[in-house]
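J.: my_file-v2.tsv is reproduced below (TSV, C-alpha atoms).
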```
chain	number	residue	atom	x	y	z
H	1	MET	CA	-20.73	-6.39	6.18
H	2	SER	CA	-18.32	-9.33	6.14
H	3	GLU	CA	-16.25	-10.00	9.22
H	4	ILE	CA	-12.61	-9.04	9.17
H	5	LYS	CA	-10.01	-11.79	9.03
H	6	THR	CA	-7.24	-12.31	11.57
H	7	TYR	CA	-3.87	-13.88	10.71
H	8	GLU	CA	-0.87	-14.73	12.89
H	9	ILE	CA	2.18	-13.55	10.94
H	10	GLU	CA	4.80	-14.41	13.56
H	11	LYS	CA	4.47	-15.43	17.19
H	12	GLY	CA	2.91	-12.41	18.87
H	13	LEU	CA	2.34	-10.49	15.61
H	14	TYR	CA	-1.17	-10.44	14.14
H	15	LEU	CA	-2.81	-8.92	11.08
H	16	PHE	CA	-6.43	-7.74	10.97
H	17	LYS	CA	-7.57	-7.41	7.37
H	18	ASP	CA	-10.88	-6.22	5.99
H	19	PRO	CA	-12.46	-8.38	3.27
H	20	GLU	CA	-12.22	-5.91	0.37
H	21	PRO	CA	-9.89	-6.97	-2.46
H	22	PHE	CA	-9.61	-3.39	-3.69
H	23	PHE	CA	-8.26	-0.69	-1.37
H	24	ASN	CA	-8.45	-2.81	1.75
H	25	PHE	CA	-7.35	-1.79	5.25
H	26	ASN	CA	-4.77	-3.54	7.44
H	27	SER	CA	-4.20	-3.21	11.17
H	28	TYR	CA	-1.57	-4.99	13.27
H	29	LEU	CA	-1.26	-6.14	16.88
H	30	LEU	CA	2.17	-6.75	18.40
H	31	THR	CA	2.28	-8.60	21.71
H	32	CYS	CA	5.66	-8.42	23.45
H	33	SER	CA	5.99	-10.96	26.25
H	34	MET	CA	8.44	-10.17	29.07
H	35	ASP	CA	10.35	-12.60	31.27
H	36	ASP	CA	7.93	-12.05	34.16
H	37	LYS	CA	5.05	-13.11	31.89
H	38	VAL	CA	3.83	-9.53	31.55
H	39	SER	CA	2.86	-8.55	28.01
H	40	ILE	CA	2.85	-5.20	26.27
H	41	ASN	CA	0.16	-5.02	23.59
H	42	ILE	CA	0.67	-2.51	20.80
H	43	LEU	CA	-1.95	-1.74	18.16
H	44	PHE	CA	-0.79	-0.22	14.85
H	45	ASP	CA	-3.11	1.72	12.54
H	46	PRO	CA	-6.55	0.59	13.81
H	47	LEU	CA	-9.18	-0.40	11.27
H	48	PRO	CA	-11.68	2.37	10.40
H	49	LEU	CA	-14.84	2.95	12.36
H	50	LYS	CA	-17.09	1.06	9.94
H	51	TYR	CA	-15.40	-2.20	11.03
H	52	PHE	CA	-15.33	-1.29	14.72
H	53	ARG	CA	-17.66	-3.96	16.08
H	54	HIS	CA	-15.88	-6.80	14.26
H	55	PHE	CA	-12.49	-5.29	15.12
H	56	ILE	CA	-13.25	-5.21	18.85
H	57	LYS	CA	-14.47	-8.81	18.69
H	58	SER	CA	-11.19	-9.89	17.12
H	59	LEU	CA	-9.11	-7.97	19.65
H	60	ASN	CA	-11.07	-9.48	22.53
H	61	GLU	CA	-10.44	-12.97	21.19
H	62	LEU	CA	-6.67	-12.35	21.22
H	63	VAL	CA	-5.78	-10.13	24.19
H	64	GLY	CA	-8.88	-8.25	25.32
H	65	VAL	CA	-9.24	-4.67	24.14
H	66	GLU	CA	-8.90	-3.41	27.73
H	67	ASN	CA	-5.34	-4.80	27.74
H	68	ILE	CA	-4.07	-2.63	24.88
H	69	ASP	CA	-1.12	-0.55	26.15
H	70	ILE	CA	-0.17	1.51	23.09
H	71	ILE	CA	-2.16	2.69	20.07
H	72	TYR	CA	-0.05	4.00	17.21
H	73	THR	CA	-1.03	5.69	13.95
H	74	ASN	CA	1.33	6.49	11.09
H	75	HIS	CA	-0.55	9.62	10.05
H	76	GLN	CA	-3.89	11.42	10.46
H	77	ASP	CA	-6.21	9.90	7.83
H	78	PRO	CA	-9.63	8.76	9.13
H	79	ASP	CA	-9.15	5.22	7.77
H	80	LEU	CA	-6.72	4.66	10.65
H	81	THR	CA	-7.67	7.30	13.24
H	82	SER	CA	-11.48	7.25	13.29
H	83	SER	CA	-11.49	4.32	15.76
H	84	VAL	CA	-8.86	5.78	18.08
H	85	PRO	CA	-11.15	7.75	20.45
H	86	ALA	CA	-13.44	4.77	21.08
H	87	LEU	CA	-10.48	2.42	21.48
H	88	LEU	CA	-8.96	4.72	24.09
H	89	ASP	CA	-12.25	4.69	25.98
H	90	LEU	CA	-12.25	0.87	26.00
H	91	ALA	CA	-8.54	0.61	26.85
H	92	PRO	CA	-8.16	2.97	29.83
H	93	ARG	CA	-4.43	2.30	30.36
H	94	ALA	CA	-3.49	2.81	26.70
H	95	ILE	CA	-1.44	5.75	25.49
H	96	TYR	CA	-1.67	7.15	21.99
H	97	ILE	CA	1.64	7.64	20.18
H	98	THR	CA	1.96	9.55	16.93
H	99	SER	CA	3.83	12.52	15.48
H	100	GLN	CA	3.06	16.08	16.56
H	101	ASP	CA	1.94	16.92	13.01
H	102	THR	CA	-0.52	14.04	13.15
H	103	TRP	CA	-1.75	15.00	16.61
H	104	ARG	CA	-2.47	18.55	15.44
H	105	LEU	CA	-5.30	17.13	13.31
H	106	VAL	CA	-6.31	14.04	15.29
H	107	SER	CA	-6.81	16.19	18.39
H	108	GLY	CA	-10.00	17.30	16.65
H	109	TYR	CA	-11.52	14.00	17.82
H	110	ASN	CA	-11.40	15.48	21.35
H	111	ILE	CA	-8.89	12.91	22.62
H	112	ASP	CA	-7.57	13.59	26.11
H	113	PRO	CA	-4.13	15.25	25.60
H	114	LYS	CA	-2.84	13.40	28.67
H	115	LYS	CA	-3.15	10.20	26.63
H	116	PHE	CA	-0.92	11.54	23.86
H	117	GLN	CA	2.82	10.89	23.58
H	118	PRO	CA	4.59	12.57	20.63
H	119	VAL	CA	7.28	10.48	18.93
H	120	GLU	CA	9.50	13.57	18.77
H	121	LEU	CA	9.83	13.59	22.58
H	122	ILE	CA	10.85	9.93	22.84
H	123	PRO	CA	14.64	9.89	23.41
H	124	ASN	CA	16.42	9.11	20.13
H	125	ARG	CA	13.00	8.11	18.78
H	126	LYS	CA	13.51	4.66	20.34
H	127	LEU	CA	11.00	3.31	22.83
H	128	LYS	CA	12.48	0.53	24.99
H	129	LEU	CA	9.88	-2.04	25.97
H	130	ASN	CA	12.10	-3.94	28.44
H	131	LYS	CA	15.12	-3.20	30.63
H	132	GLU	CA	17.51	-5.11	28.37
H	133	GLY	CA	16.52	-2.99	25.40
H	134	ASP	CA	16.31	-5.91	22.97
H	135	MET	CA	12.61	-5.14	22.59
H	136	CYS	CA	12.14	-1.63	21.29
H	137	LEU	CA	10.24	0.43	18.77
H	138	GLU	CA	12.21	2.69	16.44
H	139	PHE	CA	10.27	5.60	14.92
H	140	ILE	CA	11.35	6.39	11.36
H	141	PRO	CA	10.08	9.71	9.91
H	142	THR	CA	8.97	9.33	6.29
H	143	PRO	CA	7.85	12.92	5.60
H	144	PHE	CA	5.30	13.47	2.84
H	145	CYS	CA	4.80	9.74	2.30
H	146	HIS	CA	2.12	10.71	2.04
H	147	PHE	CA	1.63	13.15	4.96
H	148	ARG	CA	4.11	15.65	6.42
H	149	GLY	CA	4.12	13.88	9.80
H	150	ALA	CA	4.06	10.28	8.54
H	151	THR	CA	6.29	8.06	10.68
H	152	ALA	CA	6.99	4.35	10.17
H	153	VAL	CA	7.82	2.06	13.10
H	154	TYR	CA	10.54	-0.58	13.12
H	155	TYR	CA	10.60	-3.55	15.50
H	156	PRO	CA	14.13	-4.98	15.13
H	157	LYS	CA	13.42	-8.15	17.10
H	158	LEU	CA	11.16	-9.41	14.29
H	159	LYS	CA	12.82	-7.27	11.58
H	160	ALA	CA	9.34	-5.89	10.93
H	161	LEU	CA	8.60	-2.41	9.57
H	162	PHE	CA	5.10	-0.98	10.06
H	163	SER	CA	5.18	1.35	7.06
H	164	GLY	CA	1.71	2.96	6.96
H	165	ASP	CA	0.82	4.09	3.43
H	166	LEU	CA	4.38	3.61	2.21
H	167	LEU	CA	4.50	0.41	0.12
H	168	GLY	CA	0.74	0.11	0.48
H	169	GLY	CA	-1.26	-1.21	-2.46
H	170	ALA	CA	-4.51	-0.01	-3.98
H	171	SER	CA	-5.44	-3.65	-4.51
H	172	THR	CA	-4.28	-7.06	-3.37
H	173	LYS	CA	-3.03	-9.66	-5.84
H	174	ASP	CA	-6.26	-11.63	-5.27
H	175	THR	CA	-8.81	-12.20	-2.53
H	176	GLU	CA	-6.83	-14.92	-0.72
H	177	GLY	CA	-3.50	-14.83	1.05
H	178	ILE	CA	-1.70	-11.99	2.79
H	179	TYR	CA	1.76	-11.92	1.20
H	180	ALA	CA	2.75	-9.92	-1.85
H	181	THR	CA	3.70	-11.50	-5.15
H	182	GLU	CA	4.85	-9.89	-8.37
H	183	LYS	CA	1.14	-9.35	-9.14
H	184	SER	CA	0.91	-6.99	-6.15
H	185	TRP	CA	3.12	-4.40	-7.84
H	186	ILE	CA	0.45	-2.88	-10.07
H	187	GLY	CA	-1.63	-1.99	-6.98
H	188	ILE	CA	1.42	-0.56	-5.18
H	189	LYS	CA	2.39	1.48	-8.22
H	190	LEU	CA	-1.13	2.85	-8.65
H	191	PHE	CA	-1.44	3.75	-4.96
H	192	HIS	CA	1.84	5.69	-4.93
H	193	GLU	CA	1.20	7.48	-8.21
H	194	VAL	CA	-2.09	8.77	-6.81
H	195	TYR	CA	-1.20	9.50	-3.17
H	196	MET	CA	2.53	10.28	-2.96
H	197	PRO	CA	3.35	13.91	-3.79
H	198	THR	CA	6.86	13.75	-5.24
H	199	LYS	CA	9.59	11.34	-6.24
H	200	GLU	CA	12.03	13.03	-3.85
H	201	ALA	CA	9.85	12.18	-0.85
H	202	LEU	CA	9.87	8.52	-1.89
H	203	LYS	CA	13.64	8.48	-2.43
H	204	LEU	CA	14.18	9.89	1.05
H	205	ALA	CA	11.94	7.23	2.60
H	206	VAL	CA	13.63	4.42	0.65
H	207	ASP	CA	17.02	5.69	1.81
H	208	LYS	CA	15.89	5.69	5.45
H	209	ILE	CA	14.65	2.11	5.17
H	210	GLY	CA	18.00	1.15	3.67
H	211	ARG	CA	19.80	2.50	6.73
H	212	LEU	CA	17.92	0.27	9.19
H	213	ASN	CA	20.06	-2.30	10.94
H	214	PRO	CA	19.21	-5.11	10.59
H	215	LEU	CA	17.38	-4.56	7.31
H	216	PRO	CA	13.64	-5.36	7.39
H	217	GLU	CA	12.47	-8.82	6.44
H	218	LEU	CA	8.79	-7.92	6.76
H	219	ILE	CA	7.11	-4.73	5.56
H	220	LEU	CA	3.62	-4.29	6.96
H	221	PRO	CA	1.67	-1.58	5.10
H	222	GLN	CA	-1.76	-0.24	5.99
H	223	HIS	CA	-3.18	-1.25	2.59
H	224	GLY	CA	-2.61	-4.21	0.29
H	225	ASP	CA	-0.26	-7.14	0.85
H	226	ILE	CA	2.54	-7.79	3.34
H	227	ILE	CA	5.92	-7.73	1.61
H	228	LYS	CA	8.73	-10.10	2.51
H	229	GLY	CA	11.84	-11.74	1.09
H	230	SER	CA	13.41	-10.61	-2.16
H	231	LEU	CA	10.35	-8.53	-3.08
H	232	ILE	CA	11.32	-5.97	-0.43
H	233	ILE	CA	14.45	-4.97	-2.35
H	234	GLU	CA	12.72	-5.33	-5.72
H	235	PHE	CA	9.76	-3.11	-4.82
H	236	LEU	CA	11.93	-0.53	-3.03
H	237	SER	CA	14.11	-0.35	-6.14
H	238	ARG	CA	11.08	0.35	-8.29
H	239	LEU	CA	9.75	2.96	-5.87
H	240	ASN	CA	13.11	4.70	-5.95
H	241	ASP	CA	12.63	5.35	-9.69
H	242	LEU	CA	8.86	5.83	-9.77
H	243	GLU	CA	7.41	9.15	-10.92
H	244	VAL	CA	4.49	10.10	-8.72
H	245	GLY	CA	2.20	13.02	-7.97
H	246	LEU	CA	3.42	16.34	-9.30
H	247	ASP	CA	6.44	14.75	-11.00
H	248	TYR	CA	4.15	12.51	-13.00
H	249	ILE	CA	1.71	15.28	-13.86
H	250	HIS	CA	4.48	17.54	-15.17
H	251	THR	CA	6.01	14.91	-17.43
H	252	LYS	CA	3.14	12.70	-18.52
H	253	GLU	CA	-0.10	14.67	-18.78
H	254	LYS	CA	0.54	15.47	-22.45
H	255	GLU	CA	0.36	11.77	-23.29
H	256	GLU	CA	-3.14	11.34	-21.89
H	257	GLU	CA	-4.92	12.23	-25.15
H	258	PHE	CA	-2.96	9.57	-27.02
H	259	TYR	CA	-3.60	6.98	-24.30
H	260	ILE	CA	-7.33	7.60	-24.59
H	261	ARG	CA	-7.02	6.78	-28.31
H	262	VAL	CA	-5.15	3.59	-27.41
H	263	PHE	CA	-7.84	2.64	-24.89
H	264	ASN	CA	-10.60	3.03	-27.43
H	265	ASP	CA	-8.71	1.30	-30.25
H	266	MET	CA	-8.29	-1.65	-27.90
H	267	LEU	CA	-11.96	-1.54	-26.92
H	268	ASP	CA	-12.91	-1.69	-30.62
H	269	PHE	CA	-10.61	-4.69	-31.03
H	270	ALA	CA	-12.16	-6.38	-27.98
H	271	LYS	CA	-15.74	-5.71	-29.13
H	272	LYS	CA	-15.06	-7.34	-32.49
H	273	LYS	CA	-13.38	-10.36	-30.91
H	274	TYR	CA	-15.47	-10.93	-27.76
H	275	GLY	CA	-18.72	-9.10	-28.47
H	276	GLU	CA	-20.00	-5.78	-27.16
H	277	GLU	CA	-21.90	-7.33	-24.23
H	278	ASN	CA	-18.77	-8.97	-22.84
H	279	VAL	CA	-16.81	-5.75	-23.23
H	280	TYR	CA	-19.51	-3.72	-21.45
H	281	ASN	CA	-19.54	-6.26	-18.60
H	282	LYS	CA	-15.78	-5.82	-18.23
H	283	LEU	CA	-16.14	-2.04	-18.21
H	284	ASN	CA	-18.81	-2.27	-15.52
H	285	ARG	CA	-16.45	-4.36	-13.40
H	286	ILE	CA	-13.83	-1.64	-13.64
H	287	SER	CA	-16.36	0.95	-12.47
H	288	THR	CA	-17.65	-1.09	-9.52
H	289	GLN	CA	-14.21	-2.22	-8.30
H	290	THR	CA	-13.16	1.29	-7.38
H	291	SER	CA	-15.83	2.23	-4.82
H	292	ASN	CA	-13.20	3.03	-2.14
H	293	PHE	CA	-10.70	4.64	-4.49
H	294	PRO	CA	-10.65	7.38	-7.12
H	295	GLU	CA	-12.14	6.25	-10.42
H	296	ILE	CA	-9.64	4.76	-12.85
H	297	VAL	CA	-11.28	5.95	-16.05
H	298	LYS	CA	-14.47	7.70	-17.10
H	299	ILE	CA	-16.68	5.49	-19.28
H	300	GLU	CA	-19.36	7.09	-21.45
H	301	ASN	CA	-21.45	5.26	-24.04
H	302	GLY	CA	-19.05	2.33	-24.09
H	303	VAL	CA	-15.91	4.39	-24.69
H	304	ILE	CA	-13.28	5.83	-22.37
H	305	SER	CA	-13.36	9.63	-22.36
H	306	GLU	CA	-11.10	10.52	-19.43
H	307	VAL	CA	-8.33	8.96	-17.36
H	308	TYR	CA	-8.21	9.91	-13.67
H	309	ILE	CA	-4.90	8.29	-12.71
H	310	PRO	CA	-1.56	8.03	-14.55
H	311	ALA	CA	-2.51	6.70	-17.98
H	312	PRO	CA	0.06	3.84	-18.29
H	313	THR	CA	-1.05	2.41	-14.93
H	314	ALA	CA	-4.71	2.79	-15.88
H	315	PHE	CA	-4.04	0.97	-19.13
H	316	VAL	CA	-2.38	-1.96	-17.35
H	317	PHE	CA	-5.23	-2.11	-14.83
H	318	VAL	CA	-7.87	-2.24	-17.59
H	319	TYR	CA	-5.74	-4.73	-19.54
H	320	ASP	CA	-5.56	-7.02	-16.47
H	321	VAL	CA	-9.33	-6.90	-16.04
H	322	PHE	CA	-9.83	-7.83	-19.68
H	323	CYS	CA	-7.34	-10.71	-19.37
H	324	GLU	CA	-9.24	-12.35	-16.52
H	325	ASP	CA	-10.71	-15.72	-17.51
H	326	LEU	CA	-9.04	-15.69	-20.93
H	327	PRO	CA	-6.95	-18.68	-22.07
H	328	GLU	CA	-3.21	-18.06	-22.24
H	329	SER	CA	-3.18	-17.88	-26.04
H	330	GLU	CA	-5.77	-15.08	-26.05
H	331	LYS	CA	-4.00	-13.22	-23.23
H	332	GLU	CA	-0.87	-13.27	-25.37
H	333	GLU	CA	-2.81	-12.04	-28.40
H	334	LEU	CA	-4.24	-9.18	-26.32
H	335	ARG	CA	-0.80	-8.33	-24.96
H	336	LEU	CA	0.79	-8.19	-28.41
H	337	LYS	CA	-2.09	-6.15	-29.80
H	338	SER	CA	-1.72	-3.71	-26.89
H	339	ILE	CA	2.01	-3.29	-27.57
H	340	GLU	CA	1.33	-2.77	-31.27
H	341	THR	CA	-1.31	-0.10	-30.55
H	342	LEU	CA	0.89	1.75	-28.05
H	343	LYS	CA	3.74	1.84	-30.55
H	344	LYS	CA	1.34	3.11	-33.22
H	345	TYR	CA	0.95	6.29	-31.13
H	346	ASN	CA	4.67	6.41	-30.20
H	347	LEU	CA	3.91	5.71	-26.54
H	348	GLU	CA	6.27	3.86	-24.22
H	349	VAL	CA	5.11	0.32	-23.50
H	350	PRO	CA	4.45	-0.17	-19.75
H	351	GLU	CA	6.91	-2.62	-18.24
H	352	GLU	CA	4.05	-4.88	-17.11
H	353	LEU	CA	3.29	-5.67	-20.76
H	354	LEU	CA	6.84	-6.65	-21.60
H	355	TYR	CA	8.43	-10.02	-20.99
H	356	LYS	CA	10.58	-10.00	-17.89
H	357	LYS	CA	14.25	-9.99	-18.80
H	358	SER	CA	16.59	-12.14	-16.77
H	359	THR	CA	19.18	-10.24	-14.78
H	360	SER	CA	22.62	-11.31	-13.70
H	361	ILE	CA	23.75	-11.57	-10.10
H	362	MET	CA	25.86	-8.46	-10.69
H	363	ASP	CA	22.79	-6.53	-11.86
H	364	THR	CA	21.01	-7.50	-8.65
H	365	PHE	CA	23.93	-6.33	-6.52
H	366	ARG	CA	23.98	-3.01	-8.39
H	367	ARG	CA	20.27	-2.51	-7.65
H	368	VAL	CA	20.76	-3.30	-3.98
H	369	PHE	CA	23.72	-0.89	-3.80
H	370	ASP	CA	21.71	1.88	-5.45
H	371	ILE	CA	18.84	1.50	-2.98
H	372	PHE	CA	20.75	1.00	0.24
H	373	ARG	CA	23.72	3.29	-0.37
H	374	ARG	CA	24.83	4.93	2.84
```
Give the structure from this file in C-alpha cells form.
T.:
Amino acid sequence: MSEIKTYEIEKGLYLFKDPEPFFNFNSYLLTCSMDDKVSINILFDPLPLKYFRHFIKSLNELVGVENIDIIYTNHQDPDLTSSVPALLDLAPRAIYITSQDTWRLVSGYNIDPKKFQPVELIPNRKLKLNKEGDMCLEFIPTPFCHFRGATAVYYPKLKALFSGDLLGGASTKDTEGIYATEKSWIGIKLFHEVYMPTKEALKLAVDKIGRLNPLPELILPQHGDIIKGSLIIEFLSRLNDLEVGLDYIHTKEKEEEFYIRVFNDMLDFAKKKYGEENVYNKLNRISTQTSNFPEIVKIENGVISEVYIPAPTAFVFVYDVFCEDLPESEKEELRLKSIETLKKYNLEVPEELLYKKSTSIMDTFRRVFDIFRR
C-alpha cells in the first residue's frame, strides 16, 4: 500500500490524502496556536483503518498523535470513523465531537461515552477555542447530505469549511495536485447523484453555506479535490440545480434504455475507428477504476448491458476515458459523434459535451444571488 501524502494548505492547516485517484479519502488537521504558545490540535474525518499505520506516522511527524485534542467526524460512515477508537486510545486527552445521530451508530465501536461531546449541546453550536473568541468552530447541520446527522464545520479565521461528503468528488481531476479545476466537476456530480438522497436536501445545505459570514474561501471535502476561489460559487450553483437520488430516478430512469443504445452505437463507432482491442482495453480500464465505488456500467461480451449510475453522467465518464491519449482533432470528432448519436435518440446532450458559453457579469451576479439569497 502506498503511503499517504501530506500537504500544508495554510499555516496550521494540513491535508492527509490517500493515493487513490478514484474515490480517495481526505483527512484534515487544524492546529490553532494561542498567544501563550499552547496549541489546540483538531483532527477532521480521520482516514479509514486500512491507512492507519501511515496516518499515525504522518500525524506524529506534525504534532504527535498523543497531542490531538479534538477528533471530529461529519457523519457515521466507516471510511471516517473506523480509526476513531484507536486514535482515542493513542490520544488520551482527546474528545470526540459529532452529532447525536452520528454517535448513535458510532457508539457501536465501544467508545467511552465520557469522551463524546454532542454538537447539539455546544452553546449556539459555536466552540470557542480562545478567550477572545476569534478562533472558533461553527457547526453547520447539513441534514441528509448524505446522512441525517451530517454536520459541516466552519473555521471563520481561515474561511475554511470542512464539508464532509458535501461537495466531495468520486474522482480527482488527475493524480497530482489537491485543488479542484473544472475537470473535477464530473466526479462531484457523479458522487452526489449516487449518494445524496434528494435535491431538496442539497438546496438546504447550499442555502446554509450561503448564510455563512464571511463566506468560505476554502471548501475541504472528505473525498476528491479541495475547492477554492470562483469554483466555490460555480459548483454550489450547479449543486443547487442538480437532480440526485430519488429525484433523478423518478425523472430519468425511462431514458436508460435509450442511453444503452447510445453507448453501444458509440462503441461500434470506436471499434471501427480504433480497433476492437483498443476498445476492450478502454472498457477494462473503466471496470478496474471503480474498485472503491459502485460500478459505472455493466460490460458483457464487449457491449454495455446495464448502467448503474445516472446514465448521462455514466456516458460522460466513459467518453472521458475514451478521450484519454487522443489528439485534439480526434477528441473533437468523438465529441461531435456523441452529440449526433444522442440527438438521434432524442436525448438531451450532457452539458460536459457542449462548448462552454461565455456569460456576462450580470449573469454571474444573478447566479450568486440565486445561491446566496437570504
J.: For CA of Glu176 (chain H) and CA of Arg285 (chain H), quote the distance in Å rounded to one decimal.
T.: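 Here the two named atoms are 19.1 Å from each other.
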J.: Using all atoms listed in the file, which residues sit within 10 Å of Glu200 (chain H) once same-chain residues fewer than 2 positions away are excluded, as a PyMOL selection string?
T.: chain H and resi 144+196-198+202-206+240-244+247
J.: Ranking H:Val84, H:Ile299, H:Ile188, H:Leu30 by minimum distance to Tyr14 (chain H) and counting only C-alpha atoms, which one comes first?
T.: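 The closest residue to Tyr14 (chain H) is H:Leu30.
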J.: Can you measure CA of Ser27 (chain H) to CA of Ile97 (chain H) for me? One decimal in Å is fine.
T.: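 Atom-to-atom, CA of Ser27 (chain H) to CA of Ile97 (chain H), that is 15.3 Å.
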J.: Once you add 3 Å to each side, what are the centre and edge lengths of the axis-aligned box holding all listed atoms of region 339-352 of chain H? One decimal in Å, as lines of an AutoDock Vina configuration file, if you can.
T.:
```
center_x = 2.8
center_y = 0.8
center_z = -25.2
size_x = 14.2
size_y = 17.3
size_z = 22.1
```
J.: Could you please determine the separation between CA of Lys128 (chain H) and CA of Asp112 (chain H) in Å, to one decimal place?
T.: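 Straight-line distance from CA of Lys128 (chain H) to CA of Asp112 (chain H) works out to 24.0 Å.
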J.: Compare H:Phe191, H:Glu182, H:Ala94, H:Lys126 by their minimum atom-to-atom distance to Lys114 (chain H), counting all atoms listed in the file, and give me the closest one.
T.: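 Closest residue, counting all atoms listed in the file: H:Ala94.
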J.: In the coordinates of the file, take the point (9.9, 5.7, 10.4) and a cut-off of 8 Å; then, counting all atoms listed in the file, name each qualifying protein, DNA or RNA residue as JSON, numbers by chain.
T.: {"H": [138, 139, 140, 141, 142, 150, 151, 152, 153, 154, 163, 208, 209]}
J.: Given all atoms listed in the file, how would the per-residue table for region 70-150 of chain H near region 43-52 of chain H read, listing every residue at most 8 Å away with its closest atom pair and distance in Å to one decimal, sorted by chain and number, as JSON lines?
T.:
```
{"residue": "H:Ile70", "atom": "CA", "partner": "H:Leu43", "partner_atom": "CA", "distance": 6.2}
{"residue": "H:Ile71", "atom": "CA", "partner": "H:Leu43", "partner_atom": "CA", "distance": 4.8}
{"residue": "H:Tyr72", "atom": "CA", "partner": "H:Phe44", "partner_atom": "CA", "distance": 4.9}
{"residue": "H:Thr73", "atom": "CA", "partner": "H:Asp45", "partner_atom": "CA", "distance": 4.7}
{"residue": "H:Asn74", "atom": "CA", "partner": "H:Asp45", "partner_atom": "CA", "distance": 6.7}
{"residue": "H:Pro78", "atom": "CA", "partner": "H:Pro48", "partner_atom": "CA", "distance": 6.8}
{"residue": "H:Asp79", "atom": "CA", "partner": "H:Pro48", "partner_atom": "CA", "distance": 4.6}
{"residue": "H:Leu80", "atom": "CA", "partner": "H:Asp45", "partner_atom": "CA", "distance": 5.0}
{"residue": "H:Thr81", "atom": "CA", "partner": "H:Pro46", "partner_atom": "CA", "distance": 6.8}
{"residue": "H:Ser82", "atom": "CA", "partner": "H:Leu49", "partner_atom": "CA", "distance": 5.5}
{"residue": "H:Ser83", "atom": "CA", "partner": "H:Leu49", "partner_atom": "CA", "distance": 5.0}
{"residue": "H:Val84", "atom": "CA", "partner": "H:Pro46", "partner_atom": "CA", "distance": 7.1}
```
J.: Which residue out of H:Gly302, H:Gln100, H:Asn26, H:Tyr179 has the minimum interatomic distance to Asp165 (chain H) when all atoms listed in the file are used?
T.: H:Asn26
J.: Please complete region 1-12 of chain H with N, CA, C and O atoms and give it back as a tab-separated table (two decimals), in the coordinates of the input.
T.:
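In the end it all went to part_23.tsv:
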```
chain	number	residue	atom	x	y	z
H	1	MET	N	-22.18	-6.57	6.30
H	1	MET	CA	-20.73	-6.39	6.18
H	1	MET	C	-20.01	-7.65	6.62
H	1	MET	O	-20.32	-8.21	7.68
H	2	SER	N	-19.07	-8.12	5.81
H	2	SER	CA	-18.32	-9.33	6.14
H	2	SER	C	-17.40	-9.07	7.32
H	2	SER	O	-16.92	-7.97	7.54
H	3	GLU	N	-17.16	-10.13	8.09
H	3	GLU	CA	-16.25	-10.00	9.22
H	3	GLU	C	-14.82	-9.88	8.73
H	3	GLU	O	-14.44	-10.41	7.70
H	4	ILE	N	-14.02	-9.15	9.50
H	4	ILE	CA	-12.61	-9.04	9.17
H	4	ILE	C	-11.92	-10.37	9.45
H	4	ILE	O	-12.41	-11.19	10.23
H	5	LYS	N	-10.77	-10.56	8.83
H	5	LYS	CA	-10.01	-11.79	9.03
H	5	LYS	C	-8.78	-11.49	9.87
H	5	LYS	O	-8.17	-10.42	9.75
H	6	THR	N	-8.41	-12.44	10.71
H	6	THR	CA	-7.24	-12.31	11.57
H	6	THR	C	-6.22	-13.37	11.20
H	6	THR	O	-6.56	-14.54	11.02
H	7	TYR	N	-4.95	-12.97	11.07
H	7	TYR	CA	-3.87	-13.88	10.71
H	7	TYR	C	-2.73	-13.71	11.71
H	7	TYR	O	-2.41	-12.59	12.11
H	8	GLU	N	-2.09	-14.81	12.09
H	8	GLU	CA	-0.87	-14.73	12.89
H	8	GLU	C	0.32	-14.76	11.93
H	8	GLU	O	0.57	-15.76	11.26
H	9	ILE	N	1.05	-13.66	11.86
H	9	ILE	CA	2.18	-13.55	10.94
H	9	ILE	C	3.42	-14.20	11.54
H	9	ILE	O	4.12	-14.97	10.90
H	10	GLU	N	3.73	-13.82	12.75
H	10	GLU	CA	4.80	-14.41	13.56
H	10	GLU	C	4.22	-14.59	14.96
H	10	GLU	O	3.14	-14.07	15.26
H	11	LYS	N	4.94	-15.29	15.83
H	11	LYS	CA	4.47	-15.43	17.19
H	11	LYS	C	4.36	-14.05	17.83
H	11	LYS	O	5.33	-13.29	17.91
H	12	GLY	N	3.15	-13.70	18.24
H	12	GLY	CA	2.91	-12.41	18.87
H	12	GLY	C	2.65	-11.27	17.91
H	12	GLY	O	2.47	-10.13	18.35
```
